[in-house]
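Each remark here refers to the structure printed beneath this line.
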Amino acid sequence: MTERLAAVAALCRSVDTVLDSLVVQAAAEAAEEGWTAARMAAEQSGYYARLQRALLPTVAGAGLTEQ
């Protein structure tokens, strides 16, 4: 059972990584179309929360702020 749980946990991490990549890509495309962070947060709060989580290591490392 321990091995199966470890395999499921590894699969979940892999899926999360792929989803994070897709969310960041979609945000970049939305930004090209004029969407702001505030608009994303207001109109798609669940998506925006996922985007923030996906970018957290990057933003914290770069010292960026939200505008």
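A note on labels: chains of the structure tokens are A, B, ... as shown, every chain counts residues from 1, and ligands are counted from 1 in their shown order.
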### Query
Could you name the residues that touch stretch 36-42 of chain A at 10 Å or less, counting only C-alpha atoms, but leaving out those on the same chain fewer than 5 positions away, as a PyMOL selection string?
chain A and resi 27+30-31+47-49+51-52+66-67
### Task
Tell me, as a VMD selection string, which residues lie within 9 Å of A:Leu19, counting only C-alpha atoms; anything in the same chain fewer than 5 positions away does not count.
chain A and resid 14 24 54
### Query
Of the residues A:Ala28, A:Ala9, A:Val23, A:Gly34, which is the one nearest to A:Gly46, using only C-alpha atoms?
A:Val23
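Put simply, atom CA of A:Trp35 is 16.7 Å away from atom CA of A:Leu22.
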### Task
From chain A, collect each residue whose DSSP state is alpha helix (DSSP H) and return the set as a count of residues only.
56
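Interatomic distance, atom CA of A:Val15 to atom CA of A:Leu55: 15.9 Å.
From atom CA of A:Ser21 back to atom CA of A:Glu33, the distance works out to 18.7 Å.
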